[in-house]
>>> print(open('model_22.cif').read())   # mmCIF, C-alpha atoms and all ligand atoms
data_entry
#
loop_
_atom_site.label_atom_id
_atom_site.label_comp_id
_atom_site.auth_asym_id
_atom_site.auth_seq_id
_atom_site.Cartn_x
_atom_site.Cartn_y
_atom_site.Cartn_z
CA MET A 1 39.07 86.93 64.21
CA SER A 2 36.97 83.86 63.49
CA GLU A 3 35.70 81.62 66.28
CA SER A 4 38.19 78.88 65.38
CA GLU A 5 41.06 81.39 65.17
CA PHE A 6 40.15 82.65 68.62
CA ASP A 7 40.04 79.10 69.99
CA SER A 8 43.49 78.32 68.58
CA GLU A 9 45.02 81.60 69.88
CA PHE A 10 43.48 81.48 73.33
CA GLU A 11 45.52 79.53 75.83
CA HIS A 12 45.72 82.37 78.30
CA GLU A 13 44.91 82.78 81.96
CA SER A 14 42.68 85.79 81.36
CA LEU A 15 41.49 88.29 78.80
CA VAL A 16 39.77 91.52 79.75
CA VAL A 17 38.24 93.91 77.23
CA GLU A 18 36.85 97.18 78.53
CA HIS A 19 35.25 100.18 76.93
CA ASP A 20 35.47 103.43 78.88
CA PRO A 21 32.42 105.53 77.95
CA ALA A 22 33.90 108.68 79.51
CA THR A 23 36.90 108.79 77.15
CA GLY A 24 35.59 106.61 74.32
CA SER A 25 38.65 104.36 74.46
CA THR A 26 38.66 100.59 74.42
CA ALA A 27 41.45 98.58 76.00
CA VAL A 28 42.43 94.92 76.05
CA VAL A 29 44.57 93.26 78.71
CA ALA A 30 45.70 89.69 78.04
CA VAL A 31 47.48 87.72 80.75
CA HIS A 32 49.12 84.69 79.21
CA SER A 33 50.93 83.22 82.19
CA THR A 34 51.72 84.04 85.80
CA THR A 35 53.54 80.75 86.43
CA LEU A 36 56.89 82.48 87.00
CA GLY A 37 55.43 85.60 88.66
CA PRO A 38 53.14 88.54 87.88
CA ALA A 39 52.65 89.00 84.16
CA ILE A 40 54.53 91.98 82.72
CA GLY A 41 54.00 93.64 79.35
CA GLY A 42 53.77 96.95 77.59
CA LEU A 43 50.78 99.06 76.66
CA ARG A 44 50.55 99.42 72.89
CA ILE A 45 48.48 102.22 71.40
CA GLN A 46 48.03 102.13 67.65
CA PRO A 47 45.13 102.02 65.21
CA TYR A 48 43.68 98.56 64.55
CA PRO A 49 41.26 97.67 61.76
CA SER A 50 38.91 96.09 64.32
CA LEU A 51 38.56 95.17 67.96
CA SER A 52 39.21 91.52 67.11
CA ALA A 53 42.53 92.50 65.47
CA ALA A 54 43.49 94.28 68.69
CA VAL A 55 42.49 91.24 70.76
CA THR A 56 44.52 88.94 68.49
CA ASP A 57 47.55 91.21 68.85
CA ALA A 58 47.22 91.29 72.65
CA LEU A 59 46.90 87.48 72.79
CA ARG A 60 49.98 86.92 70.62
CA LEU A 61 52.10 89.62 72.25
CA SER A 62 51.31 88.41 75.78
CA LYS A 63 52.35 84.87 74.85
CA ALA A 64 55.64 86.23 73.48
CA MET A 65 56.16 88.02 76.80
CA THR A 66 55.86 84.72 78.66
CA LEU A 67 58.65 83.29 76.51
CA LYS A 68 60.71 86.46 76.88
CA THR A 69 60.58 86.63 80.69
CA ALA A 70 61.25 82.89 80.95
CA ALA A 71 64.25 83.10 78.61
CA ALA A 72 65.58 86.13 80.49
CA GLY A 73 65.42 84.24 83.79
CA LEU A 74 63.04 86.77 85.38
CA PRO A 75 60.54 85.93 88.15
CA LEU A 76 57.79 87.36 85.95
CA GLY A 77 55.18 86.06 83.53
CA GLY A 78 53.74 87.35 80.28
CA GLY A 79 50.94 89.81 79.58
CA LYS A 80 50.13 92.71 77.27
CA ALA A 81 47.81 95.68 77.07
CA VAL A 82 46.50 97.19 73.86
CA MET A 83 44.42 100.35 73.56
CA LEU A 84 42.48 101.42 70.51
CA PRO A 85 42.63 105.17 69.98
CA PRO A 86 39.16 106.68 70.50
CA PRO A 87 37.38 107.89 67.34
CA THR A 88 37.63 111.50 68.53
CA SER A 89 40.46 113.06 70.50
CA SER A 90 40.00 112.80 74.24
CA ASP A 91 41.96 113.53 77.38
CA ARG A 92 44.97 111.20 77.28
CA ARG A 93 45.49 111.38 81.03
CA ALA A 94 41.89 110.23 81.58
CA ARG A 95 42.46 107.33 79.17
CA MET A 96 45.55 106.30 81.15
CA HIS A 97 43.52 106.52 84.35
CA ALA A 98 40.94 104.16 82.85
CA LEU A 99 43.71 101.71 81.94
CA GLY A 100 45.20 102.10 85.42
CA ARG A 101 41.86 101.16 87.02
CA MET A 102 41.64 98.14 84.73
CA VAL A 103 45.14 97.00 85.76
CA GLU A 104 44.36 97.61 89.44
CA ARG A 105 41.34 95.28 89.23
CA LEU A 106 43.73 92.46 88.25
CA GLU A 107 45.07 92.63 91.82
CA GLY A 108 48.78 92.43 91.07
CA GLY A 109 48.50 89.83 88.32
CA PHE A 110 49.63 92.25 85.60
CA VAL A 111 52.28 94.95 85.53
CA VAL A 112 52.06 97.40 82.64
CA GLY A 113 54.94 99.25 80.96
CA GLU A 114 55.74 101.08 77.74
CA ASP A 115 55.45 99.82 74.20
CA VAL A 116 54.70 101.22 70.76
CA GLY A 117 52.79 104.48 71.09
CA THR A 118 53.38 105.05 74.81
CA THR A 119 55.90 107.00 76.88
CA PRO A 120 57.08 107.36 80.51
CA GLN A 121 54.55 110.23 80.83
CA ASP A 122 51.74 107.73 80.14
CA MET A 123 53.17 105.44 82.82
CA ASP A 124 53.20 108.35 85.28
CA TRP A 125 49.49 108.89 84.61
CA ILE A 126 48.72 105.18 84.96
CA ALA A 127 50.64 105.23 88.27
CA GLU A 128 48.04 107.70 89.57
CA ARG A 129 45.60 104.74 89.61
CA THR A 130 47.78 101.65 90.23
CA ASN A 131 51.19 100.63 91.55
CA CYS A 132 51.37 97.83 89.00
CA VAL A 133 53.22 99.95 86.49
CA THR A 134 56.84 100.17 85.41
CA GLY A 135 58.81 102.61 83.27
CA ARG A 136 57.64 105.79 85.02
CA SER A 137 59.70 108.90 84.34
CA PRO A 138 62.81 109.51 86.48
CA ALA A 139 61.08 112.67 87.82
CA GLN A 140 58.42 110.37 89.33
CA GLY A 141 60.95 107.88 90.71
CA GLY A 142 60.95 105.48 87.75
CA LEU A 143 63.78 104.39 85.49
CA GLY A 144 62.21 105.86 82.36
CA ASP A 145 62.24 104.57 78.79
CA PRO A 146 63.39 100.93 78.39
CA SER A 147 64.19 101.40 74.66
CA PRO A 148 67.96 102.04 75.05
CA ALA A 149 68.23 98.78 77.03
CA THR A 150 66.30 96.97 74.29
CA ALA A 151 68.62 98.44 71.65
CA GLU A 152 71.61 97.23 73.67
CA THR A 153 70.57 93.56 73.66
CA VAL A 154 69.55 93.76 69.99
CA PHE A 155 72.97 95.28 69.21
CA GLY A 156 74.70 92.50 71.17
CA ALA A 157 72.70 89.93 69.21
CA VAL A 158 73.63 91.62 65.90
CA ARG A 159 77.32 91.38 66.84
CA SER A 160 77.03 87.72 67.87
CA ALA A 161 75.05 86.75 64.79
CA TYR A 162 77.37 88.60 62.43
CA GLU A 163 80.44 86.98 63.97
CA LEU A 164 78.86 83.55 63.58
CA VAL A 165 77.86 84.05 59.93
CA SER A 166 81.01 85.91 58.82
CA GLY A 167 83.71 84.69 61.18
CA SER A 168 84.59 88.29 62.05
CA PRO A 169 83.69 90.13 65.28
CA ASP A 170 84.36 93.43 63.46
CA LEU A 171 81.25 95.17 62.11
CA THR A 172 83.30 97.26 59.66
CA GLY A 173 82.20 96.05 56.28
CA CYS A 174 78.91 94.70 57.62
CA THR A 175 75.74 96.21 56.15
CA VAL A 176 72.88 96.47 58.62
CA GLY A 177 69.37 97.42 57.49
CA VAL A 178 67.13 98.85 60.21
CA LEU A 179 63.44 98.87 59.28
CA GLY A 180 61.64 101.28 61.61
CA VAL A 181 63.73 103.90 63.39
CA GLY A 182 61.55 104.78 66.36
CA LYS A 183 62.70 104.53 69.95
CA VAL A 184 64.62 101.25 69.54
CA GLY A 185 65.51 101.36 65.85
CA ALA A 186 67.10 104.82 66.12
CA ALA A 187 69.22 103.73 69.09
CA LEU A 188 70.22 100.53 67.28
CA ALA A 189 71.18 102.47 64.13
CA ALA A 190 73.43 104.69 66.26
CA LEU A 191 75.09 101.69 67.95
CA VAL A 192 75.81 99.75 64.75
CA ALA A 193 77.02 102.91 62.97
CA GLU A 194 79.36 103.68 65.85
CA ALA A 195 80.71 100.12 65.61
CA GLY A 196 81.65 100.79 61.98
CA ALA A 197 78.78 99.12 60.10
CA GLN A 198 77.26 100.54 56.91
CA VAL A 199 73.68 101.34 57.91
CA VAL A 200 70.58 101.70 55.77
CA VAL A 201 67.31 102.79 57.34
CA ALA A 202 63.67 103.05 56.30
CA ASP A 203 60.59 104.27 58.10
CA THR A 204 57.04 105.10 57.07
CA ASP A 205 57.73 108.39 58.84
CA ALA A 206 60.17 109.87 56.30
CA ASP A 207 61.19 112.77 58.57
CA ARG A 208 62.18 110.37 61.29
CA ALA A 209 64.28 108.32 58.87
CA HIS A 210 66.07 111.45 57.66
CA ASP A 211 66.71 112.65 61.24
CA VAL A 212 68.27 109.31 62.12
CA ALA A 213 70.35 109.34 58.94
CA ALA A 214 71.62 112.83 59.75
CA ALA A 215 72.58 111.74 63.27
CA THR A 216 74.22 108.44 62.37
CA GLY A 217 75.46 108.69 58.78
CA ALA A 218 72.97 106.02 57.70
CA ARG A 219 71.48 106.03 54.20
CA VAL A 220 67.70 106.37 53.84
CA VAL A 221 66.07 103.90 51.46
CA PRO A 222 62.39 103.21 50.65
CA VAL A 223 60.28 101.05 52.95
CA ASP A 224 58.97 99.13 49.93
CA GLY A 225 61.31 96.30 49.05
CA PHE A 226 63.43 96.84 52.17
CA ALA A 227 63.39 93.17 53.19
CA THR A 228 64.75 92.07 49.84
CA ARG A 229 67.77 94.41 49.83
CA PRO A 230 71.23 92.84 49.90
CA LEU A 231 72.16 93.13 53.57
CA ASP A 232 74.33 91.26 56.02
CA VAL A 233 71.88 91.84 58.87
CA PHE A 234 68.21 92.71 58.47
CA ALA A 235 66.92 94.33 61.66
CA PRO A 236 63.09 94.60 61.77
CA CYS A 237 62.34 97.27 64.36
CA ALA A 238 58.79 98.33 63.43
CA GLY A 239 55.72 96.05 63.46
CA GLY A 240 55.49 92.28 63.69
CA GLN A 241 54.66 89.58 61.12
CA VAL A 242 57.33 90.77 58.66
CA LEU A 243 58.65 87.27 57.98
CA SER A 244 56.23 84.93 56.25
CA ARG A 245 56.86 81.89 54.06
CA THR A 246 56.54 84.24 51.07
CA THR A 247 58.77 87.09 52.28
CA VAL A 248 61.53 84.72 53.41
CA ASP A 249 61.91 83.53 49.82
CA GLY A 250 62.93 87.04 48.80
CA LEU A 251 65.41 87.77 51.60
CA ARG A 252 69.02 88.46 50.60
CA CYS A 253 70.58 88.75 54.06
CA ARG A 254 72.75 86.48 56.19
CA ALA A 255 71.01 87.12 59.51
CA VAL A 256 67.76 88.58 60.84
CA VAL A 257 68.11 90.28 64.22
CA GLY A 258 65.62 92.92 65.29
CA ALA A 259 63.56 94.43 68.08
CA ALA A 260 60.07 93.93 66.64
CA ASN A 261 57.92 91.48 68.57
CA ASN A 262 56.37 88.51 66.77
CA GLN A 263 58.40 88.86 63.56
CA LEU A 264 57.34 85.44 62.21
CA THR A 265 53.83 84.84 60.91
CA ASP A 266 54.20 81.36 62.44
CA ASP A 267 56.98 79.24 63.91
CA SER A 268 57.42 77.17 60.73
CA VAL A 269 59.02 80.25 59.13
CA ALA A 270 62.03 79.68 61.42
CA GLU A 271 62.59 76.31 59.70
CA LEU A 272 62.46 77.99 56.32
CA LEU A 273 65.00 80.63 57.38
CA HIS A 274 67.24 77.85 58.68
CA SER A 275 66.95 75.87 55.45
CA ARG A 276 67.92 79.02 53.50
CA GLY A 277 71.02 79.42 55.70
CA ILE A 278 69.77 82.67 57.27
CA LEU A 279 70.52 82.94 60.99
CA TYR A 280 67.35 84.17 62.69
CA VAL A 281 67.78 85.34 66.28
CA PRO A 282 64.34 84.85 67.89
CA ASP A 283 62.77 88.24 68.59
CA PHE A 284 62.04 87.42 72.23
CA ILE A 285 65.73 86.63 72.73
CA ALA A 286 67.20 89.64 70.90
CA ASN A 287 64.84 92.25 72.38
CA CYS A 288 64.86 91.09 76.02
CA GLY A 289 66.74 94.21 77.22
CA GLY A 290 63.49 96.14 77.66
CA VAL A 291 61.88 93.63 79.99
CA ILE A 292 65.13 93.19 81.93
CA PHE A 293 65.12 96.98 82.42
CA ASN A 294 61.42 97.22 83.29
CA GLY A 295 61.64 94.09 85.44
CA ALA A 296 64.46 95.65 87.47
CA ASP A 297 62.33 98.76 87.91
CA HIS A 298 59.30 96.76 89.06
CA LEU A 299 61.28 94.37 91.30
CA GLY A 300 63.11 97.30 92.92
CA LEU A 301 66.56 96.02 91.92
CA ASP A 302 69.63 98.23 92.12
CA PRO A 303 69.75 100.04 88.73
CA GLN A 304 73.54 99.55 88.79
CA THR A 305 72.98 95.82 88.17
CA ILE A 306 71.08 96.37 84.91
CA GLY A 307 74.22 96.80 82.80
CA THR A 308 75.57 93.47 84.05
CA ASP A 309 72.21 91.77 83.42
CA LEU A 310 72.10 93.09 79.84
CA LYS A 311 75.63 91.79 79.19
CA ALA A 312 74.65 88.40 80.65
CA ALA A 313 71.62 88.31 78.33
CA VAL A 314 73.85 88.93 75.31
CA GLU A 315 76.19 86.13 76.45
CA ARG A 316 73.18 83.78 76.72
CA THR A 317 72.16 84.77 73.19
CA THR A 318 75.63 83.97 71.83
CA GLU A 319 75.58 80.61 73.62
CA LEU A 320 72.10 79.83 72.26
CA LEU A 321 73.19 80.63 68.69
CA ARG A 322 76.30 78.47 69.04
CA THR A 323 74.20 75.56 70.32
CA ALA A 324 71.74 75.91 67.43
CA ILE A 325 74.55 75.98 64.88
CA ALA A 326 76.28 72.98 66.47
CA ASP A 327 72.98 71.02 66.50
CA ASP A 328 72.01 72.28 63.02
CA VAL A 329 68.57 73.44 64.20
CA PRO A 330 66.87 76.86 64.06
CA PRO A 331 67.79 79.02 67.08
CA LEU A 332 64.03 79.30 67.74
CA THR A 333 63.94 75.57 68.56
CA VAL A 334 66.66 75.94 71.19
CA ALA A 335 65.09 79.12 72.59
CA LEU A 336 61.59 77.59 72.88
CA ASP A 337 62.90 74.37 74.47
CA SER A 338 64.79 76.26 77.12
CA ALA A 339 62.05 78.82 77.92
CA LEU A 340 59.29 76.19 78.08
CA GLU A 341 61.47 73.91 80.24
CA ARG A 342 61.89 76.72 82.77
CA ILE A 343 58.12 77.26 82.91
CA ARG A 344 57.40 73.50 83.16
CA THR A 345 59.83 72.91 86.01
CA SER A 346 58.48 75.80 88.06
CA ARG A 347 54.87 74.60 87.86
P1 LIG A 401 58.23 103.12 68.03
O1 LIG A 401 56.77 103.30 67.86
O2 LIG A 401 59.01 104.13 68.79
O3 LIG A 401 58.94 102.95 66.58
C1 LIG A 401 58.40 102.22 65.54
C2 LIG A 401 58.85 102.91 64.25
O4 LIG A 401 58.47 102.08 63.15
C3 LIG A 401 58.22 104.27 64.03
O5 LIG A 401 59.21 105.20 63.68
C4 LIG A 401 57.21 104.04 62.90
O6 LIG A 401 57.03 105.18 62.08
C5 LIG A 401 57.90 102.92 62.15
N1 LIG A 401 57.01 102.08 61.36
C6 LIG A 401 55.76 101.67 61.64
N2 LIG A 401 55.30 100.84 60.69
C7 LIG A 401 56.29 100.74 59.78
C8 LIG A 401 56.42 100.01 58.58
N3 LIG A 401 55.44 99.24 58.11
N4 LIG A 401 57.59 100.12 57.90
C9 LIG A 401 58.60 100.91 58.36
N5 LIG A 401 58.51 101.62 59.50
C10 LIG A 401 57.38 101.53 60.19
O7 LIG A 401 58.40 101.65 68.67
P2 LIG A 401 59.64 101.06 69.45
O8 LIG A 401 59.43 101.24 70.90
O9 LIG A 401 60.90 101.51 68.83
O10 LIG A 401 59.45 99.50 69.16
C11 LIG A 401 59.76 98.94 67.91
C12 LIG A 401 59.44 97.45 67.95
O11 LIG A 401 60.21 96.82 68.98
C13 LIG A 401 57.98 97.13 68.28
O12 LIG A 401 57.59 95.96 67.60
C14 LIG A 401 58.01 96.86 69.79
O13 LIG A 401 56.97 96.02 70.21
C15 LIG A 401 59.35 96.16 69.90
N6 LIG A 401 59.91 96.26 71.24
C16 LIG A 401 60.14 97.48 71.80
C17 LIG A 401 60.69 97.55 73.06
C18 LIG A 401 61.04 98.85 73.69
O14 LIG A 401 61.79 98.85 74.70
N7 LIG A 401 60.59 99.98 73.15
C19 LIG A 401 60.99 96.33 73.85
C20 LIG A 401 60.80 95.11 73.11
C21 LIG A 401 60.24 95.08 71.86
#
>>> encode(input="model_22.cif", output="structure tokens")
Amino acid sequence: MSESEFDSEFEHESLVVEHDPATGSTAVVAVHSTTLGPAIGGLRIQPYPSLSAAVTDALRLSKAMTLKTAAAGLPLGGGKAVMLPPPTSSDRRARMHALGRMVERLEGGFVVGEDVGTTPQDMDWIAERTNCVTGRSPAQGGLGDPSPATAETVFGAVRSAYELVSGSPDLTGCTVGVLGVGKVGAALAALVAEAGAQVVVADTDADRAHDVAAATGARVVPVDGFATRPLDVFAPCAGGQVLSRTTVDGLRCRAVVGAANNQLTDDSVAELLHSRGILYVPDFIANCGGVIFNGADHLGLDPQTIGTDLKAAVERTTELLRTAIADDVPPLTVALDSALERIRTSR
């Protein structure tokens, strides 16, 4: 990341980068905003080409969390943790302890949960060093993996978007392409298949794609060229930055609705999607189920209320899409206006 790139990305409350000599791991915690409450965000563990790439990811993802919690009406702000795998294998529990100590030093300003590359077991280990953790395993008193809740709001958004672009609430005859069938993508593929959609899936992990196909009746197709397939709904459920000004030119779908965070390379891509007549449901709106689930866990809410909260989130998404269509603006414009207004008025 160049100096000027860093300056333009950094509008955060804090950024902590720590190297733990004992385990060889390096972690980044970015707190974007605590205006609405303690910042919440997952711990992502994946290889990065450099430390600055990891820092950039943490900065962008934490900002997206601020928008997500604001849009979901939660009394929580936005943050994110990223860990670079150590060059040699080391004790994972010890690495989680190091992260837990880092979170603890933020004195309640950041609550960590699961994300790509982490599991409830990791959260259990982090909880051995801090209480500011959500998504622990049910055996340790937590609510477990938030991914099914995320898949539920993405599925609701797929239904709403498809109805708005096709005029039919029935997914029979709708082709949904799920790119990345990990924790969320696999659950989403199962939900859309059960609702009668034709499902195509692709994953860089070919075994995983075939397992999901066997379980859901989906068809496996190559990752390369996936975004340009003829689809009704393209559901990016792997990494971010899949929609750029270049890739949008090649899309042949009617709607983009997925779980992946930060799908757009920049916000101007939403305008381009709109001008091409493709309904793009902002990622932080579609995938809010996970933070609603983790937020309930952290805030000690009755788990019985989560189902109602997820349904309410899907209703808000439908309303947002209707407003955007009526005003002939990208849904991202409506979503940003409303999330930023909530943050402004609570300052
Ligand atoms: P995961 O790590 O379980 O699954 C990701 C899948 O994508 C893996 O199967 C991986 O092999 C595949 N993949 C990676 N790169 C790929 C590529 N270039 N092309 C095709 N497949 C590729 O992650 P998870 O938890 O399912 O999350 C998926 C996305 O949704 C991430 O962007 C995550 O940040 C976002 N998200 C997840 C939430 C959750 O509750 N798990 C909540 C909100 C957002």
>>> residues_around(input="model_22.cif", residues="range 50-64 of chain A", least_positions_apart="5", cutoff="6 Å", atoms="all atoms listed in the file", output="list in words")
Met1, Ala30, His32, Gly78, Gly79 and Lys80 of chain A
>>> residues_near_ligand(input="model_22.cif", ligand="ligand LIG 401 (chain A)", cutoff="9 Å", atoms="all atoms listed in the file", output="NGL selection string")
:A and (42 or 44 or 46 or 61 or 114-118 or 145-151 or 178-187 or 201-206 or 208-209 or 222-224 or 226 or 236-240 or 242 or 258-263 or 283-284 or 286-291 or 293-294)
>>> write_last_selection(input="model_22.cif", atoms="C-alpha atoms", output="PDB file, keeping the file's coordinate frame")
ATOM      1  CA  GLY A  42      53.770  96.950  77.590  1.00  0.00           C
ATOM      2  CA  ARG A  44      50.550  99.420  72.890  1.00  0.00           C
ATOM      3  CA  GLN A  46      48.030 102.130  67.650  1.00  0.00           C
ATOM      4  CA  LEU A  61      52.100  89.620  72.250  1.00  0.00           C
ATOM      5  CA  GLU A 114      55.740 101.080  77.740  1.00  0.00           C
ATOM      6  CA  ASP A 115      55.450  99.820  74.200  1.00  0.00           C
ATOM      7  CA  VAL A 116      54.700 101.220  70.760  1.00  0.00           C
ATOM      8  CA  GLY A 117      52.790 104.480  71.090  1.00  0.00           C
ATOM      9  CA  THR A 118      53.380 105.050  74.810  1.00  0.00           C
ATOM     10  CA  ASP A 145      62.240 104.570  78.790  1.00  0.00           C
ATOM     11  CA  PRO A 146      63.390 100.930  78.390  1.00  0.00           C
ATOM     12  CA  SER A 147      64.190 101.400  74.660  1.00  0.00           C
ATOM     13  CA  PRO A 148      67.960 102.040  75.050  1.00  0.00           C
ATOM     14  CA  ALA A 149      68.230  98.780  77.030  1.00  0.00           C
ATOM     15  CA  THR A 150      66.300  96.970  74.290  1.00  0.00           C
ATOM     16  CA  ALA A 151      68.620  98.440  71.650  1.00  0.00           C
ATOM     17  CA  VAL A 178      67.130  98.850  60.210  1.00  0.00           C
ATOM     18  CA  LEU A 179      63.440  98.870  59.280  1.00  0.00           C
ATOM     19  CA  GLY A 180      61.640 101.280  61.610  1.00  0.00           C
ATOM     20  CA  VAL A 181      63.730 103.900  63.390  1.00  0.00           C
ATOM     21  CA  GLY A 182      61.550 104.780  66.360  1.00  0.00           C
ATOM     22  CA  LYS A 183      62.700 104.530  69.950  1.00  0.00           C
ATOM     23  CA  VAL A 184      64.620 101.250  69.540  1.00  0.00           C
ATOM     24  CA  GLY A 185      65.510 101.360  65.850  1.00  0.00           C
ATOM     25  CA  ALA A 186      67.100 104.820  66.120  1.00  0.00           C
ATOM     26  CA  ALA A 187      69.220 103.730  69.090  1.00  0.00           C
ATOM     27  CA  VAL A 201      67.310 102.790  57.340  1.00  0.00           C
ATOM     28  CA  ALA A 202      63.670 103.050  56.300  1.00  0.00           C
ATOM     29  CA  ASP A 203      60.590 104.270  58.100  1.00  0.00           C
ATOM     30  CA  THR A 204      57.040 105.100  57.070  1.00  0.00           C
ATOM     31  CA  ASP A 205      57.730 108.390  58.840  1.00  0.00           C
ATOM     32  CA  ALA A 206      60.170 109.870  56.300  1.00  0.00           C
ATOM     33  CA  ARG A 208      62.180 110.370  61.290  1.00  0.00           C
ATOM     34  CA  ALA A 209      64.280 108.320  58.870  1.00  0.00           C
ATOM     35  CA  PRO A 222      62.390 103.210  50.650  1.00  0.00           C
ATOM     36  CA  VAL A 223      60.280 101.050  52.950  1.00  0.00           C
ATOM     37  CA  ASP A 224      58.970  99.130  49.930  1.00  0.00           C
ATOM     38  CA  PHE A 226      63.430  96.840  52.170  1.00  0.00           C
ATOM     39  CA  PRO A 236      63.090  94.600  61.770  1.00  0.00           C
ATOM     40  CA  CYS A 237      62.340  97.270  64.360  1.00  0.00           C
ATOM     41  CA  ALA A 238      58.790  98.330  63.430  1.00  0.00           C
ATOM     42  CA  GLY A 239      55.720  96.050  63.460  1.00  0.00           C
ATOM     43  CA  GLY A 240      55.490  92.280  63.690  1.00  0.00           C
ATOM     44  CA  VAL A 242      57.330  90.770  58.660  1.00  0.00           C
ATOM     45  CA  GLY A 258      65.620  92.920  65.290  1.00  0.00           C
ATOM     46  CA  ALA A 259      63.560  94.430  68.080  1.00  0.00           C
ATOM     47  CA  ALA A 260      60.070  93.930  66.640  1.00  0.00           C
ATOM     48  CA  ASN A 261      57.920  91.480  68.570  1.00  0.00           C
ATOM     49  CA  ASN A 262      56.370  88.510  66.770  1.00  0.00           C
ATOM     50  CA  GLN A 263      58.400  88.860  63.560  1.00  0.00           C
ATOM     51  CA  ASP A 283      62.770  88.240  68.590  1.00  0.00           C
ATOM     52  CA  PHE A 284      62.040  87.420  72.230  1.00  0.00           C
ATOM     53  CA  ALA A 286      67.200  89.640  70.900  1.00  0.00           C
ATOM     54  CA  ASN A 287      64.840  92.250  72.380  1.00  0.00           C
ATOM     55  CA  CYS A 288      64.860  91.090  76.020  1.00  0.00           C
ATOM     56  CA  GLY A 289      66.740  94.210  77.220  1.00  0.00           C
ATOM     57  CA  GLY A 290      63.490  96.140  77.660  1.00  0.00           C
ATOM     58  CA  VAL A 291      61.880  93.630  79.990  1.00  0.00           C
ATOM     59  CA  PHE A 293      65.120  96.980  82.420  1.00  0.00           C
ATOM     60  CA  ASN A 294      61.420  97.220  83.290  1.00  0.00           C
TER      61      ASN A 294
END
>>> axis_aligned_box(input="model_22.cif", around="range 152-159 of chain A", padding_each_side="4 Å", output="JSON")
{"center_x": 73.4, "center_y": 93.6, "center_z": 69.8, "size_x": 15.8, "size_y": 15.3, "size_z": 15.8}
>>> residues_around(input="model_22.cif", residues="Leu279 in chain A", least_positions_apart="3", cutoff="10 Å", atoms="all atoms listed in the file", output="ChimeraX atom specification")
/A:161-162,164-165,233,253-257,270,273-276,282,321,324-325,330-331
>>> closest_residue(input="model_22.cif", among="A:Arg219, A:Leu43, A:Leu272, A:Phe110", to="Ser244 in chain A", atoms="all atoms listed in the file")
A:Leu272
>>> atom_distance(input="model_22.cif", atom1="CA of Val269 in chain A", atom2="CA of Thr333 in chain A")
11.6 Å
>>> closest_atom_pairs(input="model_22.cif", of="range 234-346 of chain A", to="range 130-140 of chain A", cutoff="8 Å", atoms="only C-alpha atoms", output="tab-separated table")
residue	atom	partner	partner_atom	distance
A:Asn294	CA	A:Thr134	CA	5.8
A:Gly295	CA	A:Thr134	CA	7.7
A:Asp297	CA	A:Thr134	CA	6.2
A:His298	CA	A:Thr134	CA	5.6
>>> write_last_selection(input="model_22.cif", atoms="C-alpha atoms", output="compact mmCIF listing (two decimals), keeping the file's coordinate frame")
# COMPACT_ATOMS: atom_id res chain seq x y z
CA ASN A 294 61.42 97.22 83.29
CA GLY A 295 61.64 94.09 85.44
CA ASP A 297 62.33 98.76 87.91
CA HIS A 298 59.30 96.76 89.06
>>> atom_distance(input="model_22.cif", atom1="CA of Gly225 in chain A", atom2="CA of Ser160 in chain A")
26.0 Å
>>> closest_residue(input="model_22.cif", among="A:Leu332, A:Ala195, A:Ala157, A:Met83", to="Leu310 in chain A", atoms="only C-alpha atoms")
A:Ala157
>>> atom_distance(input="model_22.cif", atom1="CA of Thr69 in chain A", atom2="CA of Glu128 in chain A")
26.1 Å
>>> residues_near_point(input="model_22.cif", point="(54.6, 75.0, 83.2)", cutoff="12 Å", atoms="all atoms listed in the file", output="number ranges by chain")
A: 32-37, 66-67, 70, 77, 338-347
